[in-house]
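**Student:** Data: query_15.pdb, PDB, N, CA and C atoms.
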```pdb
ATOM      1  N   MET A   1     -60.341 114.619-166.063
ATOM      2  CA  MET A   1     -58.949 114.258-165.902
ATOM      3  C   MET A   1     -58.839 112.739-165.809
ATOM      4  N   ALA A   2     -57.805 112.186-166.422
ATOM      5  CA  ALA A   2     -57.614 110.739-166.423
ATOM      6  C   ALA A   2     -57.179 110.247-165.045
ATOM      7  N   LYS A   3     -57.633 109.071-164.701
ATOM      8  CA  LYS A   3     -57.287 108.460-163.425
ATOM      9  C   LYS A   3     -55.840 107.992-163.471
ATOM     10  N   ARG A   4     -55.050 108.332-162.467
ATOM     11  CA  ARG A   4     -53.643 107.978-162.420
ATOM     12  C   ARG A   4     -53.484 106.706-161.606
ATOM     13  N   ILE A   5     -52.989 105.642-162.237
ATOM     14  CA  ILE A   5     -52.853 104.345-161.574
ATOM     15  C   ILE A   5     -51.447 104.206-160.988
ATOM     16  N   LEU A   6     -50.438 104.105-161.837
ATOM     17  CA  LEU A   6     -49.051 103.969-161.392
ATOM     18  C   LEU A   6     -48.424 105.349-161.289
ATOM     19  N   ILE A   7     -47.936 105.701-160.108
ATOM     20  CA  ILE A   7     -47.304 107.002-159.920
ATOM     21  C   ILE A   7     -45.790 106.884-160.110
ATOM     22  N   LYS A   8     -45.160 105.958-159.375
ATOM     23  CA  LYS A   8     -43.719 105.743-159.538
ATOM     24  C   LYS A   8     -43.346 104.390-158.942
ATOM     25  N   PRO A   9     -42.223 103.818-159.392
ATOM     26  CA  PRO A   9     -41.761 102.566-158.775
ATOM     27  C   PRO A   9     -41.099 102.838-157.428
ATOM     28  N   LEU A  10     -41.216 101.886-156.522
ATOM     29  CA  LEU A  10     -40.536 101.965-155.230
ATOM     30  C   LEU A  10     -39.177 101.284-155.375
ATOM     31  N   ILE A  11     -38.121 102.035-155.162
ATOM     32  CA  ILE A  11     -36.785 101.464-155.256
ATOM     33  C   ILE A  11     -36.127 101.652-153.891
ATOM     34  N   THR A  12     -36.233 100.616-153.064
ATOM     35  CA  THR A  12     -35.670 100.622-151.721
ATOM     36  C   THR A  12     -34.914  99.317-151.507
ATOM     37  N   GLU A  13     -34.267  99.198-150.362
ATOM     38  CA  GLU A  13     -33.566  97.945-150.045
ATOM     39  C   GLU A  13     -34.557  96.787-149.958
ATOM     40  N   LYS A  14     -35.710  97.027-149.353
ATOM     41  CA  LYS A  14     -36.714  95.974-149.199
ATOM     42  C   LYS A  14     -37.206  95.487-150.558
ATOM     43  N   THR A  15     -37.552  96.400-151.451
ATOM     44  CA  THR A  15     -38.076  95.973-152.754
ATOM     45  C   THR A  15     -36.993  95.334-153.616
ATOM     46  N   THR A  16     -35.742  95.767-153.443
ATOM     47  CA  THR A  16     -34.650  95.131-154.183
ATOM     48  C   THR A  16     -34.478  93.677-153.739
ATOM     49  N   LYS A  17     -34.537  93.429-152.436
ATOM     50  CA  LYS A  17     -34.439  92.051-151.937
ATOM     51  C   LYS A  17     -35.626  91.210-152.398
ATOM     52  N   LEU A  18     -36.831  91.796-152.374
ATOM     53  CA  LEU A  18     -38.018  91.068-152.820
ATOM     54  C   LEU A  18     -37.948  90.728-154.308
ATOM     55  N   SER A  19     -37.447  91.651-155.113
ATOM     56  CA  SER A  19     -37.373  91.388-156.553
ATOM     57  C   SER A  19     -36.332  90.323-156.870
ATOM     58  N   GLU A  20     -35.228  90.299-156.130
ATOM     59  CA  GLU A  20     -34.209  89.272-156.351
ATOM     60  C   GLU A  20     -34.670  87.910-155.854
ATOM     61  N   ALA A  21     -35.411  87.876-154.748
ATOM     62  CA  ALA A  21     -35.808  86.606-154.143
ATOM     63  C   ALA A  21     -36.972  85.940-154.884
ATOM     64  N   ASN A  22     -38.048  86.696-155.135
ATOM     65  CA  ASN A  22     -39.223  86.044-155.726
ATOM     66  C   ASN A  22     -39.933  86.871-156.792
ATOM     67  N   GLY A  23     -39.256  87.857-157.387
ATOM     68  CA  GLY A  23     -39.849  88.605-158.497
ATOM     69  C   GLY A  23     -40.984  89.520-158.104
ATOM     70  N   THR A  24     -40.908  90.138-156.919
ATOM     71  CA  THR A  24     -41.932  91.065-156.455
ATOM     72  C   THR A  24     -41.396  92.486-156.540
ATOM     73  N   TYR A  25     -42.148  93.372-157.185
ATOM     74  CA  TYR A  25     -41.735  94.756-157.372
ATOM     75  C   TYR A  25     -42.738  95.678-156.703
ATOM     76  N   GLY A  26     -42.267  96.825-156.192
ATOM     77  CA  GLY A  26     -43.128  97.771-155.501
ATOM     78  C   GLY A  26     -43.397  99.010-156.329
ATOM     79  N   PHE A  27     -44.615  99.544-156.188
ATOM     80  CA  PHE A  27     -45.022 100.763-156.876
ATOM     81  C   PHE A  27     -45.828 101.633-155.934
ATOM     82  N   VAL A  28     -45.701 102.955-156.088
ATOM     83  CA  VAL A  28     -46.620 103.886-155.455
ATOM     84  C   VAL A  28     -47.756 104.079-156.449
ATOM     85  N   VAL A  29     -48.981 103.883-155.989
ATOM     86  CA  VAL A  29     -50.138 103.934-156.882
ATOM     87  C   VAL A  29     -51.136 104.970-156.379
ATOM     88  N   GLY A  30     -52.104 105.307-157.223
ATOM     89  CA  GLY A  30     -53.152 106.247-156.838
ATOM     90  C   GLY A  30     -54.017 105.679-155.725
ATOM     91  N   MET A  31     -54.534 106.563-154.877
ATOM     92  CA  MET A  31     -55.329 106.122-153.727
ATOM     93  C   MET A  31     -56.605 105.396-154.138
ATOM     94  N   ASP A  32     -57.143 105.706-155.301
ATOM     95  CA  ASP A  32     -58.396 105.072-155.718
ATOM     96  C   ASP A  32     -58.177 103.927-156.710
ATOM     97  N   ALA A  33     -56.919 103.510-156.926
ATOM     98  CA  ALA A  33     -56.623 102.403-157.845
ATOM     99  C   ALA A  33     -56.906 101.070-157.161
ATOM    100  N   ASN A  34     -57.522 100.132-157.899
ATOM    101  CA  ASN A  34     -57.760  98.804-157.335
ATOM    102  C   ASN A  34     -56.777  97.798-157.940
ATOM    103  N   LYS A  35     -56.809  96.567-157.460
ATOM    104  CA  LYS A  35     -55.826  95.565-157.861
ATOM    105  C   LYS A  35     -55.904  95.219-159.345
ATOM    106  N   ILE A  36     -57.095  95.164-159.901
ATOM    107  CA  ILE A  36     -57.260  94.828-161.323
ATOM    108  C   ILE A  36     -56.660  95.933-162.195
ATOM    109  N   GLU A  37     -56.916  97.193-161.839
ATOM    110  CA  GLU A  37     -56.350  98.307-162.591
ATOM    111  C   GLU A  37     -54.830  98.339-162.492
ATOM    112  N   ILE A  38     -54.296  98.044-161.316
ATOM    113  CA  ILE A  38     -52.843  98.017-161.124
ATOM    114  C   ILE A  38     -52.229  96.910-161.972
ATOM    115  N   LYS A  39     -52.834  95.735-161.955
ATOM    116  CA  LYS A  39     -52.341  94.611-162.754
ATOM    117  C   LYS A  39     -52.313  94.965-164.236
ATOM    118  N   ASN A  40     -53.398  95.517-164.743
ATOM    119  CA  ASN A  40     -53.478  95.883-166.157
ATOM    120  C   ASN A  40     -52.457  96.959-166.526
ATOM    121  N   ALA A  41     -52.254  97.941-165.640
ATOM    122  CA  ALA A  41     -51.309  99.026-165.912
ATOM    123  C   ALA A  41     -49.868  98.514-165.952
ATOM    124  N   VAL A  42     -49.497  97.622-165.034
ATOM    125  CA  VAL A  42     -48.140  97.068-165.027
ATOM    126  C   VAL A  42     -47.917  96.211-166.267
ATOM    127  N   GLU A  43     -48.885  95.385-166.622
ATOM    128  CA  GLU A  43     -48.742  94.544-167.809
ATOM    129  C   GLU A  43     -48.615  95.391-169.075
ATOM    130  N   LYS A  44     -49.376  96.471-169.159
ATOM    131  CA  LYS A  44     -49.340  97.331-170.343
ATOM    132  C   LYS A  44     -48.037  98.124-170.419
ATOM    133  N   ASN A  45     -47.601  98.718-169.304
ATOM    134  CA  ASN A  45     -46.426  99.595-169.312
ATOM    135  C   ASN A  45     -45.107  98.846-169.407
ATOM    136  N   TYR A  46     -45.014  97.660-168.808
ATOM    137  CA  TYR A  46     -43.738  96.958-168.739
ATOM    138  C   TYR A  46     -43.691  95.676-169.569
ATOM    139  N   GLY A  47     -44.791  95.260-170.181
ATOM    140  CA  GLY A  47     -44.808  94.083-171.040
ATOM    141  C   GLY A  47     -44.494  92.787-170.317
ATOM    142  N   VAL A  48     -45.025  92.615-169.120
ATOM    143  CA  VAL A  48     -44.815  91.408-168.321
ATOM    144  C   VAL A  48     -46.160  90.804-167.953
ATOM    145  N   THR A  49     -46.130  89.596-167.377
ATOM    146  CA  THR A  49     -47.345  88.940-166.906
ATOM    147  C   THR A  49     -47.358  88.962-165.381
ATOM    148  N   VAL A  50     -48.420  89.515-164.808
ATOM    149  CA  VAL A  50     -48.533  89.662-163.356
ATOM    150  C   VAL A  50     -49.237  88.448-162.776
ATOM    151  N   ALA A  51     -48.646  87.875-161.714
ATOM    152  CA  ALA A  51     -49.240  86.722-161.039
ATOM    153  C   ALA A  51     -50.106  87.148-159.855
ATOM    154  N   ALA A  52     -49.672  88.161-159.086
ATOM    155  CA  ALA A  52     -50.419  88.587-157.898
ATOM    156  C   ALA A  52     -50.149  90.055-157.600
ATOM    157  N   VAL A  53     -51.125  90.703-156.951
ATOM    158  CA  VAL A  53     -50.995  92.097-156.537
ATOM    159  C   VAL A  53     -51.441  92.206-155.082
ATOM    160  N   LYS A  54     -50.600  92.821-154.246
ATOM    161  CA  LYS A  54     -50.961  93.114-152.849
ATOM    162  C   LYS A  54     -50.855  94.617-152.659
ATOM    163  N   THR A  55     -51.822  95.210-151.948
ATOM    164  CA  THR A  55     -51.816  96.651-151.733
ATOM    165  C   THR A  55     -51.763  96.980-150.247
ATOM    166  N   ILE A  56     -51.140  98.129-149.950
ATOM    167  CA  ILE A  56     -51.012  98.626-148.583
ATOM    168  C   ILE A  56     -51.299 100.116-148.612
ATOM    169  N   THR A  57     -52.078 100.610-147.643
ATOM    170  CA  THR A  57     -52.324 102.042-147.518
ATOM    171  C   THR A  57     -51.629 102.549-146.266
ATOM    172  N   ASP A  58     -50.667 103.469-146.464
ATOM    173  CA  ASP A  58     -49.967 104.082-145.340
ATOM    174  C   ASP A  58     -50.662 105.382-144.973
ATOM    175  N   ASN A  59     -51.038 105.542-143.706
ATOM    176  CA  ASN A  59     -51.639 106.789-143.254
ATOM    177  C   ASN A  59     -50.560 107.848-143.100
ATOM    178  N   GLY A  60     -50.938 109.094-143.226
ATOM    179  CA  GLY A  60     -49.987 110.189-143.067
ATOM    180  C   GLY A  60     -49.465 110.256-141.646
ATOM    181  N   LYS A  61     -48.182 110.575-141.511
ATOM    182  CA  LYS A  61     -47.561 110.651-140.191
ATOM    183  C   LYS A  61     -47.660 112.069-139.645
ATOM    184  N   PHE A  62     -47.912 112.180-138.344
ATOM    185  CA  PHE A  62     -48.010 113.465-137.671
ATOM    186  C   PHE A  62     -46.608 113.940-137.312
ATOM    187  N   GLY A  63     -46.357 115.217-137.438
ATOM    188  CA  GLY A  63     -45.043 115.741-137.073
ATOM    189  C   GLY A  63     -45.112 117.188-136.663
ATOM    190  N   TRP A  64     -44.013 117.648-136.053
ATOM    191  CA  TRP A  64     -43.923 119.050-135.660
ATOM    192  C   TRP A  64     -42.469 119.466-135.691
ATOM    193  N   LYS A  65     -42.222 120.791-135.798
ATOM    194  CA  LYS A  65     -40.864 121.315-135.726
ATOM    195  C   LYS A  65     -40.906 122.720-135.136
ATOM    196  N   ARG A  66     -39.787 123.100-134.535
ATOM    197  CA  ARG A  66     -39.678 124.441-133.948
ATOM    198  C   ARG A  66     -39.232 125.423-135.031
ATOM    199  N   THR A  67     -39.878 126.561-135.075
ATOM    200  CA  THR A  67     -39.518 127.625-135.997
ATOM    201  C   THR A  67     -39.360 128.917-135.203
ATOM    202  N   PRO A  68     -38.795 129.960-135.799
ATOM    203  CA  PRO A  68     -38.682 131.236-135.075
ATOM    204  C   PRO A  68     -40.037 131.828-134.681
ATOM    205  N   PHE A  69     -41.089 131.357-135.320
ATOM    206  CA  PHE A  69     -42.420 131.891-135.045
ATOM    207  C   PHE A  69     -43.249 130.997-134.130
ATOM    208  N   GLY A  70     -42.657 129.933-133.609
ATOM    209  CA  GLY A  70     -43.373 129.017-132.736
ATOM    210  C   GLY A  70     -43.261 127.590-133.245
ATOM    211  N   ILE A  71     -44.156 126.740-132.813
ATOM    212  CA  ILE A  71     -44.146 125.335-133.217
ATOM    213  C   ILE A  71     -45.070 125.158-134.411
ATOM    214  N   SER A  72     -44.541 124.548-135.448
ATOM    215  CA  SER A  72     -45.322 124.285-136.653
ATOM    216  C   SER A  72     -45.721 122.815-136.655
ATOM    217  N   GLN A  73     -47.004 122.530-136.813
ATOM    218  CA  GLN A  73     -47.501 121.156-136.813
ATOM    219  C   GLN A  73     -48.101 120.821-138.169
ATOM    220  N   GLY A  74     -48.080 119.529-138.502
ATOM    221  CA  GLY A  74     -48.670 119.097-139.752
ATOM    222  C   GLY A  74     -48.593 117.599-139.911
ATOM    223  N   THR A  75     -49.028 117.124-141.069
ATOM    224  CA  THR A  75     -48.963 115.699-141.369
ATOM    225  C   THR A  75     -48.362 115.503-142.748
ATOM    226  N   LYS A  76     -47.722 114.368-142.931
ATOM    227  CA  LYS A  76     -47.261 113.968-144.259
ATOM    228  C   LYS A  76     -48.435 113.279-144.946
ATOM    229  N   GLY A  77     -48.455 113.290-146.248
ATOM    230  CA  GLY A  77     -49.583 112.760-146.997
ATOM    231  C   GLY A  77     -49.716 111.253-146.918
ATOM    232  N   ARG A  78     -50.926 110.784-147.187
ATOM    233  CA  ARG A  78     -51.180 109.343-147.255
ATOM    234  C   ARG A  78     -50.603 108.797-148.545
ATOM    235  N   MET A  79     -50.299 107.500-148.543
ATOM    236  CA  MET A  79     -49.720 106.863-149.716
ATOM    237  C   MET A  79     -50.247 105.441-149.831
ATOM    238  N   LYS A  80     -50.489 105.013-151.055
ATOM    239  CA  LYS A  80     -50.903 103.642-151.304
ATOM    240  C   LYS A  80     -49.792 102.965-152.092
ATOM    241  N   LYS A  81     -49.371 101.791-151.617
ATOM    242  CA  LYS A  81     -48.315 101.028-152.271
ATOM    243  C   LYS A  81     -48.891  99.725-152.807
ATOM    244  N   ALA A  82     -48.308  99.253-153.899
ATOM    245  CA  ALA A  82     -48.700  97.961-154.460
ATOM    246  C   ALA A  82     -47.444  97.122-154.639
ATOM    247  N   TYR A  83     -47.501  95.881-154.177
ATOM    248  CA  TYR A  83     -46.420  94.921-154.390
ATOM    249  C   TYR A  83     -46.913  93.921-155.428
ATOM    250  N   VAL A  84     -46.243  93.922-156.591
ATOM    251  CA  VAL A  84     -46.669  93.144-157.749
ATOM    252  C   VAL A  84     -45.704  91.985-157.937
ATOM    253  N   THR A  85     -46.222  90.760-157.931
ATOM    254  CA  THR A  85     -45.412  89.566-158.170
ATOM    255  C   THR A  85     -45.605  89.129-159.614
ATOM    256  N   LEU A  86     -44.493  88.903-160.306
ATOM    257  CA  LEU A  86     -44.534  88.506-161.711
ATOM    258  C   LEU A  86     -44.448  86.994-161.850
ATOM    259  N   LYS A  87     -44.804  86.497-163.039
ATOM    260  CA  LYS A  87     -44.654  85.065-163.334
ATOM    261  C   LYS A  87     -43.170  84.713-163.324
ATOM    262  N   LYS A  88     -42.858  83.440-163.099
ATOM    263  CA  LYS A  88     -41.464  82.968-163.044
ATOM    264  C   LYS A  88     -40.724  83.332-164.323
ATOM    265  N   GLY A  89     -39.483  83.811-164.148
ATOM    266  CA  GLY A  89     -38.627  84.105-165.282
ATOM    267  C   GLY A  89     -38.774  85.497-165.863
ATOM    268  N   GLU A  90     -39.736  86.298-165.396
ATOM    269  CA  GLU A  90     -39.932  87.636-165.925
ATOM    270  C   GLU A  90     -39.378  88.666-164.948
ATOM    271  N   THR A  91     -38.816  89.751-165.485
ATOM    272  CA  THR A  91     -38.255  90.816-164.667
ATOM    273  C   THR A  91     -38.623  92.165-165.251
ATOM    274  N   ILE A  92     -38.495  93.199-164.419
ATOM    275  CA  ILE A  92     -38.671  94.575-164.850
ATOM    276  C   ILE A  92     -37.354  95.286-164.593
ATOM    277  N   ASP A  93     -36.827  95.989-165.614
ATOM    278  CA  ASP A  93     -35.597  96.754-165.464
ATOM    279  C   ASP A  93     -35.955  98.234-165.476
ATOM    280  N   PHE A  94     -35.964  98.861-164.299
ATOM    281  CA  PHE A  94     -36.337 100.265-164.180
ATOM    282  C   PHE A  94     -35.256 101.186-164.730
ATOM    283  N   PHE A  95     -34.020 100.721-164.804
ATOM    284  CA  PHE A  95     -32.897 101.591-165.167
ATOM    285  C   PHE A  95     -32.461 101.433-166.619
ATOM    286  N   SER A  96     -33.221 100.740-167.453
ATOM    287  CA  SER A  96     -32.797 100.497-168.838
ATOM    288  C   SER A  96     -32.868 101.752-169.695
ATOM    289  N   THR A  97     -33.688 102.735-169.323
ATOM    290  CA  THR A  97     -33.841 103.938-170.142
ATOM    291  C   THR A  97     -33.004 105.116-169.644
ATOM    292  N   ILE A  98     -32.137 104.882-168.682
ATOM    293  CA  ILE A  98     -31.309 105.989-168.146
ATOM    294  C   ILE A  98     -30.101 106.182-169.020
TER     295      ILE A  98
END
```
Take the structure in the file and give it back as structure tokens.

**Tutor:**
Amino acid sequence: MAKRILIKPLITEKTTKLSEANGTYGFVVGMDANKIEIKNAVEKNYGVTVAAVKTITDNGKFGWKRTPFGISQGTKGRMKKAYVTLKKGETIDFFSTI
């Protein structure tokens, strides 16, 4: 099976402010993806030049809820995020194909 690098773009208030201020875009990436692979995947898929890549790994959060059968416990999955900064003057339009 092929290794999955870019899973989906992060479209939140934080990433919108970052993209407007200094051209930084967020992506959810595969847990085993490294910075070089992320850079190459963004450049190939979006036709831009990447200046820097920063990655963050979020651990799964613990949670519980009451059900008619008792208390159900579990965790949400882990996630790896990448914040990609582009060269000056370049942008990515996620909504151009809608």

**Student:** Run the PyMOL selection byres (((chain A and resi 1-5 and name CA) around 9) and name CA) on the file and write out the hits as a list in words.

**Tutor:** Leu6, Ile7, Val28, Val29, Gly30, Met31, Asp32, Ala33, Asn34, Glu37, Ile38 and Ala41 of chain A

**Student:** Would you mind telling me which residue in A:Lys87, A:Lys14, A:Lys81, A:Lys54 lies nearest to Phe27 of chain A when using all atoms listed in the file?

**Tutor:**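 Closest to Phe27 of chain A of all the choices is A:Lys81.
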
**Student:** Using all atoms listed in the file, give me every residue within 8 Å of (-39.6, 89.1, -165.9) in file coordinates, as a PDB file with N, CA and C atoms, keeping the file's coordinate frame.

**Tutor:**
```pdb
ATOM      1  N   GLY A  23     -39.256  87.857-157.387  1.00  0.00           N
ATOM      2  CA  GLY A  23     -39.849  88.605-158.497  1.00  0.00           C
ATOM      3  C   GLY A  23     -40.984  89.520-158.104  1.00  0.00           C
ATOM      4  N   GLY A  47     -44.791  95.260-170.181  1.00  0.00           N
ATOM      5  CA  GLY A  47     -44.808  94.083-171.040  1.00  0.00           C
ATOM      6  C   GLY A  47     -44.494  92.787-170.317  1.00  0.00           C
ATOM      7  N   VAL A  48     -45.025  92.615-169.120  1.00  0.00           N
ATOM      8  CA  VAL A  48     -44.815  91.408-168.321  1.00  0.00           C
ATOM      9  C   VAL A  48     -46.160  90.804-167.953  1.00  0.00           C
ATOM     10  N   THR A  49     -46.130  89.596-167.377  1.00  0.00           N
ATOM     11  CA  THR A  49     -47.345  88.940-166.906  1.00  0.00           C
ATOM     12  C   THR A  49     -47.358  88.962-165.381  1.00  0.00           C
ATOM     13  N   LEU A  86     -44.493  88.903-160.306  1.00  0.00           N
ATOM     14  CA  LEU A  86     -44.534  88.506-161.711  1.00  0.00           C
ATOM     15  C   LEU A  86     -44.448  86.994-161.850  1.00  0.00           C
ATOM     16  N   LYS A  87     -44.804  86.497-163.039  1.00  0.00           N
ATOM     17  CA  LYS A  87     -44.654  85.065-163.334  1.00  0.00           C
ATOM     18  C   LYS A  87     -43.170  84.713-163.324  1.00  0.00           C
ATOM     19  N   LYS A  88     -42.858  83.440-163.099  1.00  0.00           N
ATOM     20  CA  LYS A  88     -41.464  82.968-163.044  1.00  0.00           C
ATOM     21  C   LYS A  88     -40.724  83.332-164.323  1.00  0.00           C
ATOM     22  N   GLY A  89     -39.483  83.811-164.148  1.00  0.00           N
ATOM     23  CA  GLY A  89     -38.627  84.105-165.282  1.00  0.00           C
ATOM     24  C   GLY A  89     -38.774  85.497-165.863  1.00  0.00           C
ATOM     25  N   GLU A  90     -39.736  86.298-165.396  1.00  0.00           N
ATOM     26  CA  GLU A  90     -39.932  87.636-165.925  1.00  0.00           C
ATOM     27  C   GLU A  90     -39.378  88.666-164.948  1.00  0.00           C
ATOM     28  N   THR A  91     -38.816  89.751-165.485  1.00  0.00           N
ATOM     29  CA  THR A  91     -38.255  90.816-164.667  1.00  0.00           C
ATOM     30  C   THR A  91     -38.623  92.165-165.251  1.00  0.00           C
ATOM     31  N   ILE A  92     -38.495  93.199-164.419  1.00  0.00           N
ATOM     32  CA  ILE A  92     -38.671  94.575-164.850  1.00  0.00           C
ATOM     33  C   ILE A  92     -37.354  95.286-164.593  1.00  0.00           C
ATOM     34  N   ASP A  93     -36.827  95.989-165.614  1.00  0.00           N
ATOM     35  CA  ASP A  93     -35.597  96.754-165.464  1.00  0.00           C
ATOM     36  C   ASP A  93     -35.955  98.234-165.476  1.00  0.00           C
TER      37      ASP A  93
END
```

**Student:** Go ahead and compute the interatomic distance for atom CA of Lys8 of chain A and atom CA of Gly63 of chain A, in Å to one decimal.

**Tutor:**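 Interatomic distance here is 24.6 Å.
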
**Student:** How many Å separate atom N of Ala51 of chain A from atom C of Gly77 of chain A?

**Tutor:**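 Pair atom N of Ala51 of chain A / atom C of Gly77 of chain A returns 27.7 Å.
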
**Student:** I'd like the interatomic distance between atom CA of Asn45 of chain A and atom CA of Asn22 of chain A, to a tenth of an Å.

**Tutor:**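 Result for atom CA of Asn45 of chain A versus atom CA of Asn22 of chain A: 20.5 Å, one decimal.
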
**Student:** I want to know what sits within 7 Å of Thr24 of chain A, based on all atoms listed in the file, with residues of the same chain fewer than 2 positions away left out; could you give that as a ChimeraX atom specification?

**Tutor:** /A:15,18-22,26,83-86

**Student:** For the structure I just gave you, how does DSSP split segment 17-98 of chain A - specifically, which residues are alpha helix (DSSP H)? Reply as a ChimeraX atom specification.

**Tutor:** /A:17-22,35-46

**Student:** May I have the residues from that selection written out with N, CA and C atoms, as a PDB file, in the coordinates of the input?

**Tutor:**
```pdb
ATOM      1  N   LYS A  17     -34.537  93.429-152.436  1.00  0.00           N
ATOM      2  CA  LYS A  17     -34.439  92.051-151.937  1.00  0.00           C
ATOM      3  C   LYS A  17     -35.626  91.210-152.398  1.00  0.00           C
ATOM      4  N   LEU A  18     -36.831  91.796-152.374  1.00  0.00           N
ATOM      5  CA  LEU A  18     -38.018  91.068-152.820  1.00  0.00           C
ATOM      6  C   LEU A  18     -37.948  90.728-154.308  1.00  0.00           C
ATOM      7  N   SER A  19     -37.447  91.651-155.113  1.00  0.00           N
ATOM      8  CA  SER A  19     -37.373  91.388-156.553  1.00  0.00           C
ATOM      9  C   SER A  19     -36.332  90.323-156.870  1.00  0.00           C
ATOM     10  N   GLU A  20     -35.228  90.299-156.130  1.00  0.00           N
ATOM     11  CA  GLU A  20     -34.209  89.272-156.351  1.00  0.00           C
ATOM     12  C   GLU A  20     -34.670  87.910-155.854  1.00  0.00           C
ATOM     13  N   ALA A  21     -35.411  87.876-154.748  1.00  0.00           N
ATOM     14  CA  ALA A  21     -35.808  86.606-154.143  1.00  0.00           C
ATOM     15  C   ALA A  21     -36.972  85.940-154.884  1.00  0.00           C
ATOM     16  N   ASN A  22     -38.048  86.696-155.135  1.00  0.00           N
ATOM     17  CA  ASN A  22     -39.223  86.044-155.726  1.00  0.00           C
ATOM     18  C   ASN A  22     -39.933  86.871-156.792  1.00  0.00           C
ATOM     19  N   LYS A  35     -56.809  96.567-157.460  1.00  0.00           N
ATOM     20  CA  LYS A  35     -55.826  95.565-157.861  1.00  0.00           C
ATOM     21  C   LYS A  35     -55.904  95.219-159.345  1.00  0.00           C
ATOM     22  N   ILE A  36     -57.095  95.164-159.901  1.00  0.00           N
ATOM     23  CA  ILE A  36     -57.260  94.828-161.323  1.00  0.00           C
ATOM     24  C   ILE A  36     -56.660  95.933-162.195  1.00  0.00           C
ATOM     25  N   GLU A  37     -56.916  97.193-161.839  1.00  0.00           N
ATOM     26  CA  GLU A  37     -56.350  98.307-162.591  1.00  0.00           C
ATOM     27  C   GLU A  37     -54.830  98.339-162.492  1.00  0.00           C
ATOM     28  N   ILE A  38     -54.296  98.044-161.316  1.00  0.00           N
ATOM     29  CA  ILE A  38     -52.843  98.017-161.124  1.00  0.00           C
ATOM     30  C   ILE A  38     -52.229  96.910-161.972  1.00  0.00           C
ATOM     31  N   LYS A  39     -52.834  95.735-161.955  1.00  0.00           N
ATOM     32  CA  LYS A  39     -52.341  94.611-162.754  1.00  0.00           C
ATOM     33  C   LYS A  39     -52.313  94.965-164.236  1.00  0.00           C
ATOM     34  N   ASN A  40     -53.398  95.517-164.743  1.00  0.00           N
ATOM     35  CA  ASN A  40     -53.478  95.883-166.157  1.00  0.00           C
ATOM     36  C   ASN A  40     -52.457  96.959-166.526  1.00  0.00           C
ATOM     37  N   ALA A  41     -52.254  97.941-165.640  1.00  0.00           N
ATOM     38  CA  ALA A  41     -51.309  99.026-165.912  1.00  0.00           C
ATOM     39  C   ALA A  41     -49.868  98.514-165.952  1.00  0.00           C
ATOM     40  N   VAL A  42     -49.497  97.622-165.034  1.00  0.00           N
ATOM     41  CA  VAL A  42     -48.140  97.068-165.027  1.00  0.00           C
ATOM     42  C   VAL A  42     -47.917  96.211-166.267  1.00  0.00           C
ATOM     43  N   GLU A  43     -48.885  95.385-166.622  1.00  0.00           N
ATOM     44  CA  GLU A  43     -48.742  94.544-167.809  1.00  0.00           C
ATOM     45  C   GLU A  43     -48.615  95.391-169.075  1.00  0.00           C
ATOM     46  N   LYS A  44     -49.376  96.471-169.159  1.00  0.00           N
ATOM     47  CA  LYS A  44     -49.340  97.331-170.343  1.00  0.00           C
ATOM     48  C   LYS A  44     -48.037  98.124-170.419  1.00  0.00           C
ATOM     49  N   ASN A  45     -47.601  98.718-169.304  1.00  0.00           N
ATOM     50  CA  ASN A  45     -46.426  99.595-169.312  1.00  0.00           C
ATOM     51  C   ASN A  45     -45.107  98.846-169.407  1.00  0.00           C
ATOM     52  N   TYR A  46     -45.014  97.660-168.808  1.00  0.00           N
ATOM     53  CA  TYR A  46     -43.738  96.958-168.739  1.00  0.00           C
ATOM     54  C   TYR A  46     -43.691  95.676-169.569  1.00  0.00           C
TER      55      TYR A  46
END
```

**Student:** Can you list what the PyMOL selection byres (((chain A and resi 78 and name CA) around 8) and name CA) grabs from this structure, as a PyMOL selection string?

**Tutor:** chain A and resi 57-60+76-77+79-80

**Student:** Store the residues picked out above in a file with N, CA and C atoms, as an mmCIF file, in the coordinates of the input.

**Tutor:**
```cif
data_model
loop_
_atom_site.group_PDB
_atom_site.id
_atom_site.type_symbol
_atom_site.label_atom_id
_atom_site.label_comp_id
_atom_site.auth_asym_id
_atom_site.auth_seq_id
_atom_site.Cartn_x
_atom_site.Cartn_y
_atom_site.Cartn_z
ATOM 1 N N THR A 57 -52.078 100.610 -147.643
ATOM 2 C CA THR A 57 -52.324 102.042 -147.518
ATOM 3 C C THR A 57 -51.629 102.549 -146.266
ATOM 4 N N ASP A 58 -50.667 103.469 -146.464
ATOM 5 C CA ASP A 58 -49.967 104.082 -145.340
ATOM 6 C C ASP A 58 -50.662 105.382 -144.973
ATOM 7 N N ASN A 59 -51.038 105.542 -143.706
ATOM 8 C CA ASN A 59 -51.639 106.789 -143.254
ATOM 9 C C ASN A 59 -50.560 107.848 -143.100
ATOM 10 N N GLY A 60 -50.938 109.094 -143.226
ATOM 11 C CA GLY A 60 -49.987 110.189 -143.067
ATOM 12 C C GLY A 60 -49.465 110.256 -141.646
ATOM 13 N N LYS A 76 -47.722 114.368 -142.931
ATOM 14 C CA LYS A 76 -47.261 113.968 -144.259
ATOM 15 C C LYS A 76 -48.435 113.279 -144.946
ATOM 16 N N GLY A 77 -48.455 113.290 -146.248
ATOM 17 C CA GLY A 77 -49.583 112.760 -146.997
ATOM 18 C C GLY A 77 -49.716 111.253 -146.918
ATOM 19 N N MET A 79 -50.299 107.500 -148.543
ATOM 20 C CA MET A 79 -49.720 106.863 -149.716
ATOM 21 C C MET A 79 -50.247 105.441 -149.831
ATOM 22 N N LYS A 80 -50.489 105.013 -151.055
ATOM 23 C CA LYS A 80 -50.903 103.642 -151.304
ATOM 24 C C LYS A 80 -49.792 102.965 -152.092
#
```
